[in-house]
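Novice: Structure file query-v5.cif, mmCIF, C-alpha atoms (C1' of nucleotides), is pasted below:
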data_target
#
loop_
_atom_site.group_PDB
_atom_site.id
_atom_site.type_symbol
_atom_site.label_atom_id
_atom_site.label_comp_id
_atom_site.auth_asym_id
_atom_site.auth_seq_id
_atom_site.Cartn_x
_atom_site.Cartn_y
_atom_site.Cartn_z
ATOM 1 C CA MET D 437 -7.056 13.572 -23.827
ATOM 2 C CA ASN D 438 -6.408 10.570 -21.619
ATOM 3 C CA ILE D 439 -8.318 10.211 -18.386
ATOM 4 C CA ASP D 440 -7.026 8.528 -15.251
ATOM 5 C CA LEU D 441 -9.860 6.203 -14.418
ATOM 6 C CA SER D 442 -8.370 5.007 -11.171
ATOM 7 C CA SER D 443 -8.486 8.450 -9.589
ATOM 8 C CA MET D 444 -12.176 9.061 -10.076
ATOM 9 C CA MET D 445 -14.278 8.927 -6.954
ATOM 10 C CA VAL D 446 -17.599 8.807 -8.665
ATOM 11 C CA PRO D 447 -17.531 6.110 -11.301
ATOM 12 C CA ALA D 448 -18.512 7.814 -14.510
ATOM 13 C CA ASP D 449 -17.710 4.419 -15.908
ATOM 14 C CA CYS D 450 -20.606 2.901 -14.094
ATOM 15 C CA CYS D 451 -22.324 -0.021 -15.684
ATOM 16 C CA ARG D 452 -19.365 -2.312 -15.973
ATOM 17 C CA PRO D 453 -20.853 -5.722 -15.436
ATOM 18 C CA ILE D 454 -19.913 -7.515 -12.243
ATOM 19 C CA ASP D 455 -19.224 -11.208 -12.591
ATOM 20 C CA ASP D 456 -21.732 -13.726 -11.447
ATOM 21 C CA GLU D 457 -20.017 -16.558 -9.652
ATOM 22 C CA LEU D 458 -23.157 -18.610 -9.545
ATOM 23 C CA THR D 459 -23.904 -20.848 -12.500
ATOM 24 C CA ALA D 460 -27.370 -20.771 -13.999
ATOM 25 C CA SER D 461 -28.101 -24.300 -12.846
ATOM 26 C CA ASP D 462 -26.851 -23.536 -9.343
ATOM 27 C CA ALA D 463 -29.202 -20.602 -9.112
ATOM 28 C CA GLU D 464 -32.026 -22.720 -10.427
ATOM 29 C CA ALA D 465 -31.389 -25.421 -7.848
ATOM 30 C CA THR D 466 -31.284 -22.914 -5.022
ATOM 31 C CA ALA D 467 -34.431 -21.216 -6.245
ATOM 32 C CA ALA D 468 -36.162 -24.591 -6.390
ATOM 33 C CA VAL D 469 -35.603 -25.119 -2.684
ATOM 34 C CA PHE D 470 -36.939 -21.689 -1.801
ATOM 35 C CA LYS D 471 -39.845 -22.267 -4.159
ATOM 36 C CA ALA D 472 -40.797 -25.222 -2.009
ATOM 37 C CA LEU D 473 -40.988 -22.896 0.986
ATOM 38 C CA ALA D 474 -42.767 -20.123 -0.912
ATOM 39 C CA ASP D 475 -46.249 -21.173 0.155
ATOM 40 C CA PRO D 476 -48.023 -20.545 3.457
ATOM 41 C CA ALA D 477 -49.340 -24.102 3.683
ATOM 42 C CA ARG D 478 -45.874 -25.585 3.198
ATOM 43 C CA VAL D 479 -44.354 -23.197 5.721
ATOM 44 C CA ARG D 480 -46.917 -24.338 8.253
ATOM 45 C CA ILE D 481 -46.198 -27.985 7.480
ATOM 46 C CA VAL D 482 -42.498 -27.496 8.084
ATOM 47 C CA SER D 483 -43.254 -25.503 11.204
ATOM 48 C CA MET D 484 -45.494 -28.205 12.609
ATOM 49 C CA LEU D 485 -43.026 -30.975 11.872
ATOM 50 C CA ALA D 486 -40.205 -28.955 13.391
ATOM 51 C CA ARG D 487 -42.036 -28.852 16.704
ATOM 52 C CA SER D 488 -43.171 -32.458 16.750
ATOM 53 C CA GLU D 489 -39.755 -34.091 16.425
ATOM 54 C CA GLU D 490 -41.464 -37.368 15.595
ATOM 55 C CA PRO D 491 -42.851 -37.683 12.082
ATOM 56 C CA ALA D 492 -46.555 -37.127 11.545
ATOM 57 C CA CYS D 493 -48.988 -38.837 9.226
ATOM 58 C CA VAL D 494 -50.996 -36.975 6.626
ATOM 59 C CA CYS D 495 -54.287 -37.195 8.468
ATOM 60 C CA GLU D 496 -52.796 -35.324 11.389
ATOM 61 C CA LEU D 497 -51.863 -32.428 9.169
ATOM 62 C CA ILE D 498 -55.119 -31.998 7.288
ATOM 63 C CA PRO D 499 -57.292 -30.456 10.050
ATOM 64 C CA PRO D 500 -54.926 -27.645 11.135
ATOM 65 C CA LEU D 501 -54.219 -26.767 7.516
ATOM 66 C CA GLY D 502 -57.854 -26.634 6.516
ATOM 67 C CA LEU D 503 -57.083 -28.000 3.077
ATOM 68 C CA SER D 504 -58.336 -31.033 1.186
ATOM 69 C CA GLN D 505 -56.454 -34.286 1.390
ATOM 70 C CA PRO D 506 -55.206 -34.167 -2.218
ATOM 71 C CA THR D 507 -53.898 -30.654 -1.696
ATOM 72 C CA VAL D 508 -51.984 -31.644 1.425
ATOM 73 C CA SER D 509 -50.512 -34.642 -0.375
ATOM 74 C CA HIS D 510 -49.497 -32.300 -3.170
ATOM 75 C CA HIS D 511 -47.648 -29.975 -0.796
ATOM 76 C CA LEU D 512 -45.952 -32.858 0.987
ATOM 77 C CA LYS D 513 -44.688 -34.212 -2.310
ATOM 78 C CA LYS D 514 -43.235 -30.835 -3.206
ATOM 79 C CA LEU D 515 -41.388 -30.658 0.098
ATOM 80 C CA VAL D 516 -40.010 -34.179 -0.258
ATOM 81 C CA GLN D 517 -38.832 -33.442 -3.792
ATOM 82 C CA ALA D 518 -37.053 -30.370 -2.482
ATOM 83 C CA GLY D 519 -35.216 -32.509 0.028
ATOM 84 C CA LEU D 520 -36.804 -30.822 3.031
ATOM 85 C CA LEU D 521 -38.968 -33.712 4.198
ATOM 86 C CA THR D 522 -38.609 -37.464 4.490
ATOM 87 C CA ARG D 523 -41.361 -39.961 3.850
ATOM 88 C CA GLU D 524 -41.781 -43.297 5.540
ATOM 89 C CA GLN D 525 -44.566 -45.777 4.989
ATOM 90 C CA ARG D 526 -45.919 -47.455 8.119
ATOM 91 C CA GLY D 527 -48.675 -49.768 7.182
ATOM 92 C CA VAL D 528 -51.533 -47.748 5.793
ATOM 93 C CA TRP D 529 -50.070 -44.515 7.026
ATOM 94 C CA ALA D 530 -47.416 -42.345 5.470
ATOM 95 C CA TYR D 531 -45.278 -40.540 7.999
ATOM 96 C CA TYR D 532 -43.531 -37.347 7.073
ATOM 97 C CA GLY D 533 -40.646 -35.888 9.036
ATOM 98 C CA LEU D 534 -38.189 -33.064 8.725
ATOM 99 C CA ASP D 535 -35.011 -33.689 6.756
ATOM 100 C CA ARG D 536 -32.741 -31.781 9.128
ATOM 101 C CA GLU D 537 -29.890 -32.053 6.650
ATOM 102 C CA GLY D 538 -31.969 -30.570 3.867
ATOM 103 C CA ILE D 539 -33.157 -27.716 6.051
ATOM 104 C CA GLU D 540 -29.614 -26.913 7.114
ATOM 105 C CA ARG D 541 -28.475 -27.006 3.515
ATOM 106 C CA ALA D 542 -31.109 -24.412 2.662
ATOM 107 C CA ALA D 543 -30.171 -22.310 5.674
ATOM 108 C CA SER D 544 -26.501 -22.323 4.705
ATOM 109 C CA VAL D 545 -27.369 -20.509 1.491
ATOM 110 C CA LEU D 546 -28.591 -17.578 3.561
ATOM 111 C CA ASP D 547 -25.464 -17.632 5.705
ATOM 112 C CA LEU D 548 -23.631 -14.384 5.088
ATOM 113 C CA LYS D 549 -20.727 -15.198 7.353
ATOM 114 C CA GLY D 550 -17.813 -16.457 5.326
ATOM 115 C CA VAL D 551 -19.008 -14.664 2.230
ATOM 116 C CA ALA D 552 -17.344 -11.508 0.984
ATOM 117 C CA ALA D 553 -15.006 -9.634 3.284
ATOM 118 C CA MET K 588 -64.287 -54.969 26.069
ATOM 119 C CA ASN K 589 -62.199 -52.058 27.160
ATOM 120 C CA ILE K 590 -58.918 -51.399 25.469
ATOM 121 C CA ASP K 591 -55.863 -49.921 27.089
ATOM 122 C CA LEU K 592 -54.877 -47.262 24.598
ATOM 123 C CA SER K 593 -51.691 -46.316 26.415
ATOM 124 C CA SER K 594 -50.150 -49.708 25.928
ATOM 125 C CA MET K 595 -50.501 -49.789 22.149
ATOM 126 C CA MET K 596 -47.307 -49.393 20.234
ATOM 127 C CA VAL K 597 -48.950 -48.650 16.933
ATOM 128 C CA PRO K 598 -51.368 -45.761 17.335
ATOM 129 C CA ALA K 599 -54.713 -47.007 16.121
ATOM 130 C CA ASP K 600 -55.787 -43.570 17.182
ATOM 131 C CA CYS K 601 -53.768 -41.970 14.450
ATOM 132 C CA CYS K 602 -55.133 -38.894 12.782
ATOM 133 C CA ARG K 603 -55.539 -36.753 15.850
ATOM 134 C CA PRO K 604 -54.720 -33.284 14.602
ATOM 135 C CA ILE K 605 -51.519 -31.724 15.885
ATOM 136 C CA ASP K 606 -51.717 -28.070 16.757
ATOM 137 C CA ASP K 607 -50.272 -25.452 14.480
ATOM 138 C CA GLU K 608 -48.440 -22.860 16.505
ATOM 139 C CA LEU K 609 -47.967 -20.627 13.522
ATOM 140 C CA THR K 610 -50.735 -18.166 12.706
ATOM 141 C CA ALA K 611 -51.983 -17.944 9.153
ATOM 142 C CA SER K 612 -50.574 -14.453 8.698
ATOM 143 C CA ASP K 613 -47.227 -15.495 10.150
ATOM 144 C CA ALA K 614 -46.988 -18.315 7.647
ATOM 145 C CA GLU K 615 -47.973 -15.953 4.868
ATOM 146 C CA ALA K 616 -45.300 -13.448 5.842
ATOM 147 C CA THR K 617 -42.640 -16.129 5.981
ATOM 148 C CA ALA K 618 -43.733 -17.569 2.665
ATOM 149 C CA ALA K 619 -43.567 -14.099 1.129
ATOM 150 C CA VAL K 620 -39.876 -13.831 1.961
ATOM 151 C CA PHE K 621 -39.108 -17.216 0.475
ATOM 152 C CA LYS K 622 -41.222 -16.326 -2.537
ATOM 153 C CA ALA K 623 -38.845 -13.461 -3.164
ATOM 154 C CA LEU K 624 -35.987 -15.943 -3.303
ATOM 155 C CA ALA K 625 -37.901 -18.493 -5.363
ATOM 156 C CA ASP K 626 -36.549 -17.302 -8.695
ATOM 157 C CA PRO K 627 -33.160 -18.048 -10.281
ATOM 158 C CA ALA K 628 -32.646 -14.447 -11.363
ATOM 159 C CA ARG K 629 -33.272 -13.133 -7.868
ATOM 160 C CA VAL K 630 -31.016 -15.752 -6.316
ATOM 161 C CA ARG K 631 -28.247 -14.608 -8.633
ATOM 162 C CA ILE K 632 -28.867 -10.972 -7.753
ATOM 163 C CA VAL K 633 -28.556 -11.707 -4.048
ATOM 164 C CA SER K 634 -25.505 -13.849 -4.725
ATOM 165 C CA MET K 635 -23.801 -11.098 -6.687
ATOM 166 C CA LEU K 636 -24.540 -8.445 -4.109
ATOM 167 C CA ALA K 637 -23.345 -10.705 -1.321
ATOM 168 C CA ARG K 638 -19.941 -10.907 -2.946
ATOM 169 C CA SER K 639 -19.577 -7.259 -3.864
ATOM 170 C CA GLU K 640 -20.047 -5.825 -0.353
ATOM 171 C CA GLU K 641 -20.591 -2.397 -1.893
ATOM 172 C CA PRO K 642 -23.963 -1.808 -3.499
ATOM 173 C CA ALA K 643 -24.263 -2.106 -7.263
ATOM 174 C CA CYS K 644 -26.304 -0.117 -9.744
ATOM 175 C CA VAL K 645 -28.850 -1.702 -12.030
ATOM 176 C CA CYS K 646 -26.755 -1.386 -15.151
ATOM 177 C CA GLU K 647 -24.058 -3.522 -13.578
ATOM 178 C CA LEU K 648 -26.503 -6.326 -12.982
ATOM 179 C CA ILE K 649 -28.176 -6.453 -16.375
ATOM 180 C CA PRO K 650 -25.353 -8.044 -18.444
ATOM 181 C CA PRO K 651 -24.613 -11.036 -16.181
ATOM 182 C CA LEU K 652 -28.313 -11.724 -15.790
ATOM 183 C CA GLY K 653 -29.036 -11.588 -19.501
ATOM 184 C CA LEU K 654 -32.433 -10.059 -18.893
ATOM 185 C CA SER K 655 -34.051 -6.852 -20.076
ATOM 186 C CA GLN K 656 -33.778 -3.702 -17.971
ATOM 187 C CA PRO K 657 -37.464 -3.669 -16.968
ATOM 188 C CA THR K 658 -37.274 -7.284 -15.879
ATOM 189 C CA VAL K 659 -34.245 -6.619 -13.696
ATOM 190 C CA SER K 660 -35.979 -3.609 -12.158
ATOM 191 C CA HIS K 661 -38.964 -5.811 -11.478
ATOM 192 C CA HIS K 662 -36.876 -8.385 -9.641
ATOM 193 C CA LEU K 663 -35.056 -5.733 -7.637
ATOM 194 C CA LYS K 664 -38.345 -4.258 -6.507
ATOM 195 C CA LYS K 665 -39.540 -7.638 -5.335
ATOM 196 C CA LEU K 666 -36.392 -8.127 -3.284
ATOM 197 C CA VAL K 667 -36.652 -4.678 -1.731
ATOM 198 C CA GLN K 668 -40.292 -5.240 -0.836
ATOM 199 C CA ALA K 669 -39.293 -8.503 0.832
ATOM 200 C CA GLY K 670 -36.784 -6.635 2.973
ATOM 201 C CA LEU K 671 -33.796 -8.412 1.494
ATOM 202 C CA LEU K 672 -32.310 -5.491 -0.429
ATOM 203 C CA THR K 673 -31.830 -1.793 0.177
ATOM 204 C CA ARG K 674 -32.142 0.906 -2.456
ATOM 205 C CA GLU K 675 -30.217 4.146 -2.530
ATOM 206 C CA GLN K 676 -30.425 6.814 -5.186
ATOM 207 C CA ARG K 677 -27.093 8.355 -6.183
ATOM 208 C CA GLY K 678 -27.699 10.905 -8.871
ATOM 209 C CA VAL K 679 -28.958 9.136 -11.926
ATOM 210 C CA TRP K 680 -28.047 5.750 -10.595
ATOM 211 C CA ALA K 681 -29.934 3.545 -8.207
ATOM 212 C CA TYR K 682 -27.685 1.453 -6.026
ATOM 213 C CA TYR K 683 -28.920 -1.786 -4.536
ATOM 214 C CA GLY K 684 -27.260 -3.507 -1.626
ATOM 215 C CA LEU K 685 -27.894 -6.446 0.646
ATOM 216 C CA ASP K 686 -30.049 -5.884 3.700
ATOM 217 C CA ARG K 687 -27.963 -8.049 6.026
ATOM 218 C CA GLU K 688 -30.605 -7.784 8.709
ATOM 219 C CA GLY K 689 -33.317 -8.983 6.357
ATOM 220 C CA ILE K 690 -31.222 -11.882 5.149
ATOM 221 C CA GLU K 691 -30.454 -12.953 8.687
ATOM 222 C CA ARG K 692 -34.112 -12.705 9.600
ATOM 223 C CA ALA K 693 -34.910 -15.082 6.749
ATOM 224 C CA ALA K 694 -32.097 -17.418 7.753
ATOM 225 C CA SER K 695 -33.324 -17.556 11.344
ATOM 226 C CA VAL K 696 -36.568 -19.114 10.154
ATOM 227 C CA LEU K 697 -34.595 -22.103 8.900
ATOM 228 C CA ASP K 698 -32.670 -22.350 12.151
ATOM 229 C CA LEU K 699 -33.586 -25.669 13.733
ATOM 230 C CA LYS K 700 -31.484 -25.173 16.833
ATOM 231 C CA GLY K 701 -33.614 -24.003 19.699
ATOM 232 C CA VAL K 702 -36.707 -25.515 18.180
ATOM 233 C CA ALA K 703 -38.218 -28.719 19.510
ATOM 234 C CA ALA K 704 -36.265 -30.881 21.878
ATOM 235 C "C1'" DA N 1272 -34.767 25.115 -21.897
ATOM 236 C "C1'" DC N 1273 -33.390 21.080 -23.934
ATOM 237 C "C1'" DA N 1274 -31.520 16.536 -25.007
ATOM 238 C "C1'" DA N 1275 -29.653 12.318 -23.134
ATOM 239 C "C1'" DG N 1276 -29.342 8.684 -20.074
ATOM 240 C "C1'" DA N 1277 -30.795 5.582 -15.880
ATOM 241 C "C1'" DC N 1278 -34.357 3.543 -13.986
ATOM 242 C "C1'" DA N 1279 -39.449 2.765 -12.974
ATOM 243 C "C1'" DT N 1280 -44.064 1.706 -14.530
ATOM 244 C "C1'" DT N 1281 -47.639 -0.138 -17.580
ATOM 245 C "C1'" DG N 1282 -49.865 -3.564 -20.421
ATOM 246 C "C1'" DA N 1283 -49.920 -7.919 -22.506
ATOM 247 C "C1'" DC N 1284 -48.853 -12.678 -23.090
ATOM 248 C "C1'" DG N 1285 -47.657 -17.547 -22.036
ATOM 249 C "C1'" DA N 1286 -46.173 -20.587 -18.335
ATOM 250 C "C1'" DA N 1287 -46.409 -22.245 -13.773
ATOM 251 C "C1'" DC N 1288 -48.926 -22.690 -9.447
ATOM 252 C "C1'" DG N 1289 -52.583 -23.832 -5.774
ATOM 253 C "C1'" DT N 1290 -56.791 -25.813 -5.228
ATOM 254 C "C1'" DC N 1291 -60.433 -29.123 -5.532
ATOM 255 C "C1'" DG N 1292 -63.507 -33.278 -6.924
ATOM 256 C "C1'" DA N 1293 -63.099 -37.671 -8.798
ATOM 257 C "C1'" DT N 1294 -60.590 -41.672 -9.253
ATOM 258 C "C1'" DC N 1295 -56.855 -45.027 -8.553
ATOM 259 C "C1'" DT N 1296 -53.668 -47.814 -5.574
ATOM 260 C "C1'" DA N 1297 -52.225 -50.184 -1.628
ATOM 261 C "C1'" DT N 1298 -52.764 -51.991 3.009
ATOM 262 C "C1'" DC N 1299 -55.279 -53.938 6.825
ATOM 263 C "C1'" DG N 1300 -58.993 -56.638 9.260
ATOM 264 C "C1'" DT N 1301 -62.682 -59.854 8.702
ATOM 265 C "C1'" DA E 557 -61.880 -62.636 -1.356
ATOM 266 C "C1'" DC E 558 -63.896 -58.523 0.218
ATOM 267 C "C1'" DG E 559 -64.918 -54.023 2.159
ATOM 268 C "C1'" DA E 560 -62.885 -50.153 4.431
ATOM 269 C "C1'" DT E 561 -59.514 -46.774 4.887
ATOM 270 C "C1'" DA E 562 -55.004 -43.863 3.957
ATOM 271 C "C1'" DG E 563 -52.929 -41.748 0.695
ATOM 272 C "C1'" DA E 564 -51.447 -40.748 -4.258
ATOM 273 C "C1'" DT E 565 -52.633 -39.387 -8.897
ATOM 274 C "C1'" DC E 566 -55.390 -37.176 -12.521
ATOM 275 C "C1'" DG E 567 -57.939 -33.426 -14.821
ATOM 276 C "C1'" DA E 568 -59.664 -28.971 -14.692
ATOM 277 C "C1'" DC E 569 -60.180 -24.325 -13.059
ATOM 278 C "C1'" DG E 570 -58.779 -19.555 -11.760
ATOM 279 C "C1'" DT E 571 -54.839 -17.046 -10.152
ATOM 280 C "C1'" DT E 572 -50.205 -15.627 -9.931
ATOM 281 C "C1'" DC E 573 -45.708 -15.117 -12.014
ATOM 282 C "C1'" DG E 574 -41.770 -13.969 -15.280
ATOM 283 C "C1'" DT E 575 -40.854 -11.738 -19.313
ATOM 284 C "C1'" DC E 576 -40.637 -8.128 -22.739
ATOM 285 C "C1'" DA E 577 -41.727 -3.766 -25.657
ATOM 286 C "C1'" DA E 578 -43.393 0.652 -25.040
ATOM 287 C "C1'" DT E 579 -43.763 4.533 -22.316
ATOM 288 C "C1'" DG E 580 -43.154 7.513 -18.258
ATOM 289 C "C1'" DT E 581 -40.232 9.947 -14.715
ATOM 290 C "C1'" DC E 582 -36.348 12.094 -12.960
ATOM 291 C "C1'" DT E 583 -31.563 13.699 -12.888
ATOM 292 C "C1'" DT E 584 -27.478 15.586 -15.289
ATOM 293 C "C1'" DG E 585 -24.874 18.100 -18.672
ATOM 294 C "C1'" DT E 586 -25.061 21.465 -22.373
#
Would you mind writing the file's structure down as structure tokens?

Specialist:
Amino acid sequence: MNIDLSSMMVPADCCRPIDDELTASDAEATAAVFKALADPARVRIVSMLARSEEPACVCELIPPLGLSQPTVSHHLKKLVQAGLLTREQRGVWAYYGLDREGIERAASVLDLKGVAA
Amino acid sequence: MNIDLSSMMVPADCCRPIDDELTASDAEATAAVFKALADPARVRIVSMLARSEEPACVCELIPPLGLSQPTVSHHLKKLVQAGLLTREQRGVWAYYGLDREGIERAASVLDLKGVAA
DNA sequence: ACAAGACATTGACGAACGTCGATCTATCGT
DNA sequence: ACGATAGATCGACGTTCGTCAATGTCTTGT
């Protein structure tokens, strides 16, 4: 009682695992970048810096965010660690700017063109 | 002892708040999408579906993920709610596929071209 | 009608996260 | 050297998240 699997339209043999071409560490690294953007405050920070072109210091960001200074510093650190922001010390002030390269790298992950057929 | 502020190279008048052109709810909505992608398992799910073109049923996803069935269902629900995946019931099976439109909408947020000068 | 299978939902638990007040560090002007 | 200020770090708190076992729901075949 052999069955020709190739001729079946509806796969009764569902549940054959499809291969994951993404390593566990690759997925973790990608998720880490999105995790950095998974907070309203950090989205607003990136949004503000994207429109200012020139870097901004921390004190400029605190009022519009409505958060305490330590909290803003915390978010900025997360974004720098994710490679989305750059930090530059100018005297007493710390200036944060967009890491265009990092942003583009994150955007390329969502690029569906060139993937699959 | 008047001071000409416009001629100062270093802004002693730092810390003037820059305006946030993104509403709080807008930032929250954007963050919600990234939050859906802020997990290694969900990144792998999207990655797998991006390469398969045709939707896949849950049972196909469980083995490569190495997670329990309820956990996989949980992740799939999150991705659907974020507008990144579509769900279609075919008999006993539930087929999940990429929501290309949703993915592109998320990617457009990271698009720096057209923003700032 | 009934049993089996695919998937969703619930409840519980530990880990990670966002937030703040308090404190520490570093830089500048006097 | 000192006081003032920008920003980072620490410690603690409540909340959210990822995970699983157990259970529920719905569809299919007998």

Novice: Considering only C-alpha atoms (C1' of nucleotides), can you say which of N:DA1279, N:DA1297, N:DC1273, N:DC1288 comes closest to K:Val659?

Specialist: N:DA1279

Novice: Near chain N, meaning an atom within 10 Å, which residues of chain K appear when counting all atoms listed in the file? Write them as a PyMOL selection string.

Specialist: chain K and resi 644-646+656-657+660-661+664+678-681

Novice: Would you mind listing, for every residue of chain E within 10 Å of chain D, the two atoms forming the shortest contact and the distance between them in Å to one decimal, using all atoms listed in the file, sorted by chain and ascending residue number, as a Markdown table?

Specialist:
| residue | atom | partner | partner_atom | distance |
| --- | --- | --- | --- | --- |
| E:DT561 | C1' | D:Val528 | CA | 8.1 |
| E:DA562 | C1' | D:Val528 | CA | 5.5 |
| E:DG563 | C1' | D:Ala530 | CA | 7.3 |
| E:DA564 | C1' | D:Ser509 | CA | 7.3 |
| E:DT565 | C1' | D:Pro506 | CA | 8.9 |

Novice: What does chain K look like once superposed on chain D, all Cα atoms paired in sequence order, least squares? Give it as a tab-separated table (two decimals) with C-alpha atoms, keeping the file's coordinate frame.

Specialist:
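Written file, part.tsv:
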chain	number	residue	atom	x	y	z
K	588	MET	CA	-7.12	15.19	-23.27
K	589	ASN	CA	-6.38	12.11	-21.27
K	590	ILE	CA	-8.33	11.42	-18.15
K	591	ASP	CA	-7.03	9.69	-15.07
K	592	LEU	CA	-9.76	7.17	-14.40
K	593	SER	CA	-8.24	5.94	-11.15
K	594	SER	CA	-8.61	9.28	-9.47
K	595	MET	CA	-12.34	9.65	-10.07
K	596	MET	CA	-14.49	9.24	-7.03
K	597	VAL	CA	-17.71	8.81	-8.93
K	598	PRO	CA	-17.34	6.01	-11.46
K	599	ALA	CA	-18.23	7.50	-14.81
K	600	ASP	CA	-17.33	4.05	-15.99
K	601	CYS	CA	-20.29	2.55	-14.25
K	602	CYS	CA	-22.06	-0.33	-15.88
K	603	ARG	CA	-19.13	-2.66	-16.19
K	604	PRO	CA	-20.66	-6.07	-15.64
K	605	ILE	CA	-19.71	-7.86	-12.45
K	606	ASP	CA	-19.07	-11.55	-12.78
K	607	ASP	CA	-21.62	-14.07	-11.62
K	608	GLU	CA	-19.90	-16.88	-9.80
K	609	LEU	CA	-23.06	-18.92	-9.64
K	610	THR	CA	-23.84	-21.18	-12.58
K	611	ALA	CA	-27.30	-21.10	-14.08
K	612	SER	CA	-28.09	-24.61	-12.89
K	613	ASP	CA	-26.81	-23.83	-9.40
K	614	ALA	CA	-29.13	-20.86	-9.18
K	615	GLU	CA	-31.98	-22.97	-10.47
K	616	ALA	CA	-31.37	-25.66	-7.87
K	617	THR	CA	-31.24	-23.13	-5.07
K	618	ALA	CA	-34.36	-21.40	-6.31
K	619	ALA	CA	-36.14	-24.76	-6.43
K	620	VAL	CA	-35.59	-25.26	-2.71
K	621	PHE	CA	-36.89	-21.82	-1.87
K	622	LYS	CA	-39.80	-22.40	-4.22
K	623	ALA	CA	-40.78	-25.32	-2.04
K	624	LEU	CA	-40.96	-22.97	0.93
K	625	ALA	CA	-42.70	-20.20	-0.99
K	626	ASP	CA	-46.19	-21.21	0.08
K	627	PRO	CA	-47.96	-20.52	3.39
K	628	ALA	CA	-49.31	-24.05	3.64
K	629	ARG	CA	-45.88	-25.58	3.18
K	630	VAL	CA	-44.32	-23.19	5.67
K	631	ARG	CA	-46.89	-24.30	8.21
K	632	ILE	CA	-46.22	-27.95	7.46
K	633	VAL	CA	-42.50	-27.49	8.06
K	634	SER	CA	-43.25	-25.46	11.17
K	635	MET	CA	-45.50	-28.14	12.59
K	636	LEU	CA	-43.06	-30.93	11.89
K	637	ALA	CA	-40.22	-28.93	13.38
K	638	ARG	CA	-42.06	-28.78	16.67
K	639	SER	CA	-43.25	-32.37	16.79
K	640	GLU	CA	-39.82	-34.02	16.48
K	641	GLU	CA	-41.54	-37.30	15.65
K	642	PRO	CA	-42.94	-37.61	12.15
K	643	ALA	CA	-46.65	-37.04	11.62
K	644	CYS	CA	-49.11	-38.75	9.32
K	645	VAL	CA	-51.10	-36.89	6.71
K	646	CYS	CA	-54.37	-37.08	8.57
K	647	GLU	CA	-52.85	-35.19	11.48
K	648	LEU	CA	-51.90	-32.32	9.23
K	649	ILE	CA	-55.15	-31.88	7.34
K	650	PRO	CA	-57.30	-30.28	10.10
K	651	PRO	CA	-54.90	-27.50	11.14
K	652	LEU	CA	-54.21	-26.66	7.52
K	653	GLY	CA	-57.86	-26.50	6.54
K	654	LEU	CA	-57.12	-27.91	3.12
K	655	SER	CA	-58.40	-30.94	1.26
K	656	GLN	CA	-56.53	-34.24	1.51
K	657	PRO	CA	-55.28	-34.17	-2.10
K	658	THR	CA	-53.96	-30.65	-1.65
K	659	VAL	CA	-52.05	-31.61	1.48
K	660	SER	CA	-50.60	-34.64	-0.30
K	661	HIS	CA	-49.56	-32.35	-3.12
K	662	HIS	CA	-47.71	-30.01	-0.78
K	663	LEU	CA	-46.02	-32.88	1.03
K	664	LYS	CA	-44.76	-34.28	-2.25
K	665	LYS	CA	-43.29	-30.94	-3.18
K	666	LEU	CA	-41.43	-30.74	0.11
K	667	VAL	CA	-40.10	-34.28	-0.22
K	668	GLN	CA	-38.92	-33.61	-3.76
K	669	ALA	CA	-37.11	-30.52	-2.48
K	670	GLY	CA	-35.28	-32.65	0.06
K	671	LEU	CA	-36.84	-30.92	3.04
K	672	LEU	CA	-39.05	-33.76	4.23
K	673	THR	CA	-38.73	-37.51	4.56
K	674	ARG	CA	-41.51	-40.00	3.93
K	675	GLU	CA	-41.94	-43.32	5.68
K	676	GLN	CA	-44.75	-45.78	5.15
K	677	ARG	CA	-46.08	-47.40	8.33
K	678	GLY	CA	-48.88	-49.73	7.41
K	679	VAL	CA	-51.71	-47.69	6.04
K	680	TRP	CA	-50.22	-44.45	7.22
K	681	ALA	CA	-47.57	-42.33	5.61
K	682	TYR	CA	-45.41	-40.51	8.11
K	683	TYR	CA	-43.63	-37.33	7.14
K	684	GLY	CA	-40.73	-35.90	9.08
K	685	LEU	CA	-38.23	-33.10	8.76
K	686	ASP	CA	-35.08	-33.77	6.78
K	687	ARG	CA	-32.76	-31.88	9.13
K	688	GLU	CA	-29.93	-32.20	6.66
K	689	GLY	CA	-32.00	-30.72	3.87
K	690	ILE	CA	-33.15	-27.84	6.03
K	691	GLU	CA	-29.61	-27.06	7.08
K	692	ARG	CA	-28.46	-27.20	3.49
K	693	ALA	CA	-31.08	-24.59	2.62
K	694	ALA	CA	-30.13	-22.47	5.62
K	695	SER	CA	-26.46	-22.52	4.64
K	696	VAL	CA	-27.31	-20.73	1.41
K	697	LEU	CA	-28.50	-17.76	3.45
K	698	ASP	CA	-25.38	-17.84	5.60
K	699	LEU	CA	-23.52	-14.60	4.96
K	700	LYS	CA	-20.61	-15.41	7.24
K	701	GLY	CA	-17.69	-16.68	5.25
K	702	VAL	CA	-18.88	-14.91	2.14
K	703	ALA	CA	-17.24	-11.74	0.89
K	704	ALA	CA	-14.87	-9.85	3.11

Novice: Determine the residue membership of the PyMOL selection byres ((chain D) within 8 of (chain K)) for the file above and supply it as a PyMOL selection string.

Specialist: chain D and resi 450-458+460+463-471+473-477+479-480+483-484+486-489+493-500+536+539-540+542-543+546-548+551-553

Novice: Would you translate the PyMOL selection byres ((chain K and resi 684) around 6) into the concrete set of residues it matches in this file, as a list in words?

Specialist: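 When the PyMOL selection byres ((chain K and resi 684) around 6) is applied to the shown file, the picked residues are Pro642, Leu672, Thr673, Tyr683 and Leu685 of chain K.
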
Novice: State, in Å with one decimal place, the distance from atom CA of D:Asp535 to atom CA of K:Leu671.

Specialist: 25.8 Å

Novice: Tell me, in Å to one decimal, how far atom CA of D:Thr507 is from atom C1' of E:DG559.

Specialist: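 Value for the atom CA of D:Thr507-atom C1' of E:DG559 distance: 26.1 Å.
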